[in-house]
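Undergrad: One structure, as structure tokens, below. Some questions next.
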Amino acid sequence: MGFGWMTAQRQDESGRITRGELRDFFDDYAACLDAEALRGFPSFFTRDAKYQVISRENHDEGLEHAAIFCLGRAMIEDRVTATVEAALYQPRSLRHFVSGVRIVGEDAGEVRVEANFLIIESLIEQEPEILMVGRYLDRVVREGGALKFRERSCVYDNYRIRTTLVIPV
Amino acid sequence: MGFGWMTAQRQDESGRITRGELRDFFDDYAACLDAEALRGFPSFFTRDAKYQVISRENHDEGLEHAAIFCLGRAMIEDRVTATVEAALYQPRSLRHFVSGVRIVGEDAGEVRVEANFLIIESLIEQEPEILMVGRYLDRVVREGGALKFRERSCVYDNYRIRTTLVIPV
Amino acid sequence: MGFGWMTAQRQDESGRITRGELRDFFDDYAACLDAEALRGFPSFFTRDAKYQVISRENHDEGLEHAAIFCLGRAMIEDRVTATVEAALYQPRSLRHFVSGVRIVGEDAGEVRVEANFLIIESLIEQEPEILMVGRYLDRVVREGGALKFRERSCVYDNYRIRTTLVIPV
């Protein structure tokens with residue numbers, strides 16, 4: 001019996017997207033990144049998805065400048081390919097902690113969801129540290145039975161991000 | 001379709017308070033604080049609620065001395081008004097991470113619940129840091145369909161709290 | 001009405017182990033450790049269980065060397081007894097944060113599960129710190145209605161563990 005990255009199962013007979021199902025979906029997404037299984041990353045998004053990593057300051061002021069900005073899954077795939085090929089990985093471990101998954105709006109089968117994320121980084125010869133903390137601001141839809149991000153905005157609270165940030169959040 | 005701070009929905013037909021429902025309730029509470037939407041804070045409590053923020057040391061020794069102590073929702077509302085009017089906010093972000101929600105007792109429709117909390121603070125020009133860690137010790141009831149705290153004791157493990165602590169935990 | 005450490009309830013009529021049930025089980029386990037209620041710890045395991053705490057480096061290289069290694073519940077009980085009798089406890093608080101509980105395989109009633117853990121330590125006269133971060137790699141079965149670990153491998157990302165680590169993770 002095989003298990004891919006996306007294992008969240010439909011929990012509501014009506015097809016409505018539930019908070020429990022979203023928790024599973026967010027945890028699958030985080031596990032994919034923690035495993036550095038970037039090739040599986042684009043499958044979490046719709047074809048027309050927007051994905052960005054942006055500072056809280058820029059987000060709150062409505063500025064467009066983002067550390068990562070992708071419009072459409074093709075652009076997300078390009079980003080992944082570039083990251084994998086650049087092979088900039090240093091020996092390190094990342095662990096995501098997601099809390100507070102919450103539906104804040106709903107419209108025509110699309111739910112707007114928010115959650116907090118915390119990423120802990122462990123490097124050689126150093127104590128583990130907080131790499132990044134912030135909020136996910138998302139729009140999620142169901143596509144062929146599986147949940148997908150139509151938008152995921154990773155809004156980080158850090159006043160700056162370390163130069164080591166190459167991979168998605 | 002409007003979404004207030006309290007979005008947790010009744011998950012058990014029998015009206016019994018479930019662990020899943022409590023997780024949702026705790027996450028709503030945390031989101032309210034992270035958004036600095038203090039005006040919505042008192043609505044999480046019953047009219048006769050007790051709310052306190054107390055050190056583990058004082059709590060374990062049965063001492064009454066608490067950093068914040070409110071008896072009754074009116075007192076909680078006063079606290080919020082004072083905090084908002086004092087406008088002591090500095091530009092910062094707080095993010096709550098709640099884990100281990102657990103029912104430890106049940107009596108006549110009231111459940112005693114415990115959970116761990118971790119609050120990460122991000123200030124200008126500084127790396128994000130642990131602001132506070134500890135346990136919630138709660139008594140929760142259902143009132144008019146919605147869950148409410150009859151008591152929330154925030155018992156923090158920190159040996160001291162920074163002077164910047166003004167807002168609820 | 002009494003509540004033991006293990007309060008997770010069967011959530012699926014078919015007897016199948018669900019992700020929600022595993023979250024409850026993992027949270028009960030963490031609460032037992034945070035409360036320093038070590039006497040209750042062995043009851044989370046099957047009689048033939050394997051329990052280990054091992055570095056990511058050793059785990060990834062297939063090395064056997066582990067900080068804690070127990071084969072069988074008797075060995076787990078011995079470990080607990082030794083720890084309690086040694087009374088090496090210093091005044092401190094530990095809090096577990098578990099995220100990303102995920103079923104990665106299933107075979108004949110046994111599920112393979114993974115999750116992230118973060119342990120925050122608070123000592124006297126010190127700010128709270130990250131003690132340990134890593135992954136749980138588990139095999140879980142149902143035994144007499146309750147979930148049990150047939151294997152729990154705590155794979156930590158820290159490049160070293162502080163000498164204060166005596167108790168289970």
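Chain lettering (A, B, ...) mirrors the order of the structure tokens, residue numbering begins at 1 for each chain separately, and ligand numbering begins at 1 in order of display.
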Return the neighbours of chain C among the residues of chain B, cut-off 10 Å, counting only C-alpha atoms, as an MDAnalysis selection string.
TA: chainID B and resid 19:20 56 97:107 114:118 129:135 156:161
Undergrad: From stretch 9-159 of chain C, collect each residue whose DSSP state is strand (DSSP E) and return the set as an MDAnalysis selection string.
TA: chainID C and resid 45:55 68:71 92:107 110:123 129:143 146:156
Undergrad: Determine the nearest neighbour of C:Lys50 from the options C:Met75, C:Ile17, C:Ala67, C:Gly144, counting only C-alpha atoms.
TA: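 Counting only C-alpha atoms, the residue closest to C:Lys50 is C:Met75.
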Undergrad: Between C:Leu147, C:Ile54, C:Val80, C:Cys32, which has the minimum distance to C:Ile68 (counting only C-alpha atoms)?
TA: C:Ile54
Undergrad: Which residue, A:Gly109, A:Leu137, A:Arg152, A:Arg79, has the smallest gap to A:Ser14 when you use only C-alpha atoms?
TA: A:Gly109
Undergrad: Find, counting only C-alpha atoms, the residue in B:Val113, B:Ala35, B:Val141, B:Cys154 that gets nearest to B:Arg47.
TA: B:Val141
Undergrad: Just how far from atom CA of C:Ala74 is atom CA of C:Tyr51, in Å to one decimal?
TA: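 We find that atom CA of C:Tyr51 and atom CA of C:Ala74 lie 11.3 Å from each other.
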Undergrad: Hey, can you check how far atom CA of B:Cys70 sits from atom CA of B:Glu151?
TA: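 Going from atom CA of B:Cys70 over to atom CA of B:Glu151 covers 10.0 Å.
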Undergrad: Taking the chain letters and numbering used in this document, name the residues of chain C that DSSP puts in alpha helix (DSSP H), as a PyMOL selection string.
TA: chain C and resi 19-34+56-60+73-86
Undergrad: Could you take the residues named above and write them with C-alpha atoms, as a PDB file, in the first residue's frame?
TA:
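As written to disk, selection_19.pdb reads:
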ATOM      1  CA  ARG C  19      -4.814  10.109  12.148  1.00  0.00           C
ATOM      2  CA  GLY C  20      -7.004  11.937  14.672  1.00  0.00           C
ATOM      3  CA  GLU C  21      -6.710   9.080  17.116  1.00  0.00           C
ATOM      4  CA  LEU C  22      -2.927   9.029  16.685  1.00  0.00           C
ATOM      5  CA  ARG C  23      -2.768  12.773  17.441  1.00  0.00           C
ATOM      6  CA  ASP C  24      -4.587  12.136  20.705  1.00  0.00           C
ATOM      7  CA  PHE C  25      -2.277   9.227  21.524  1.00  0.00           C
ATOM      8  CA  PHE C  26       0.872  11.247  20.828  1.00  0.00           C
ATOM      9  CA  ASP C  27      -0.445  14.118  22.951  1.00  0.00           C
ATOM     10  CA  ASP C  28      -1.181  11.758  25.865  1.00  0.00           C
ATOM     11  CA  TYR C  29       2.366  10.391  25.627  1.00  0.00           C
ATOM     12  CA  ALA C  30       3.847  13.892  25.652  1.00  0.00           C
ATOM     13  CA  ALA C  31       1.688  14.950  28.610  1.00  0.00           C
ATOM     14  CA  CYS C  32       2.931  11.966  30.607  1.00  0.00           C
ATOM     15  CA  LEU C  33       6.547  13.055  30.070  1.00  0.00           C
ATOM     16  CA  ASP C  34       5.897  16.757  30.675  1.00  0.00           C
ATOM     17  CA  ARG C  56      19.754  11.807  12.917  1.00  0.00           C
ATOM     18  CA  GLU C  57      23.319  11.250  11.807  1.00  0.00           C
ATOM     19  CA  ASN C  58      23.518   7.748  13.309  1.00  0.00           C
ATOM     20  CA  HIS C  59      20.028   6.876  12.149  1.00  0.00           C
ATOM     21  CA  ASP C  60      20.656   7.948   8.554  1.00  0.00           C
ATOM     22  CA  ARG C  73       8.885  -3.322  27.900  1.00  0.00           C
ATOM     23  CA  ALA C  74      10.861  -4.858  30.774  1.00  0.00           C
ATOM     24  CA  MET C  75      13.909  -2.914  29.628  1.00  0.00           C
ATOM     25  CA  ILE C  76      11.795   0.231  29.344  1.00  0.00           C
ATOM     26  CA  GLU C  77      10.567  -0.313  32.902  1.00  0.00           C
ATOM     27  CA  ASP C  78      14.137  -0.800  34.145  1.00  0.00           C
ATOM     28  CA  ARG C  79      15.142   2.431  32.495  1.00  0.00           C
ATOM     29  CA  VAL C  80      12.280   4.281  34.185  1.00  0.00           C
ATOM     30  CA  THR C  81      13.084   2.784  37.587  1.00  0.00           C
ATOM     31  CA  ALA C  82      16.724   3.711  37.268  1.00  0.00           C
ATOM     32  CA  THR C  83      15.843   7.245  36.247  1.00  0.00           C
ATOM     33  CA  VAL C  84      13.357   7.755  39.075  1.00  0.00           C
ATOM     34  CA  GLU C  85      15.692   6.250  41.680  1.00  0.00           C
ATOM     35  CA  ALA C  86      18.664   8.232  40.505  1.00  0.00           C
TER      36      ALA C  86
END
Undergrad: Quick one: distance from atom CA of B:Asp138 to atom CA of C:Lys148 in Å, one decimal?
TA: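 Taking atom CA of B:Asp138 as the start and atom CA of C:Lys148 as the end point, the length is 27.8 Å.
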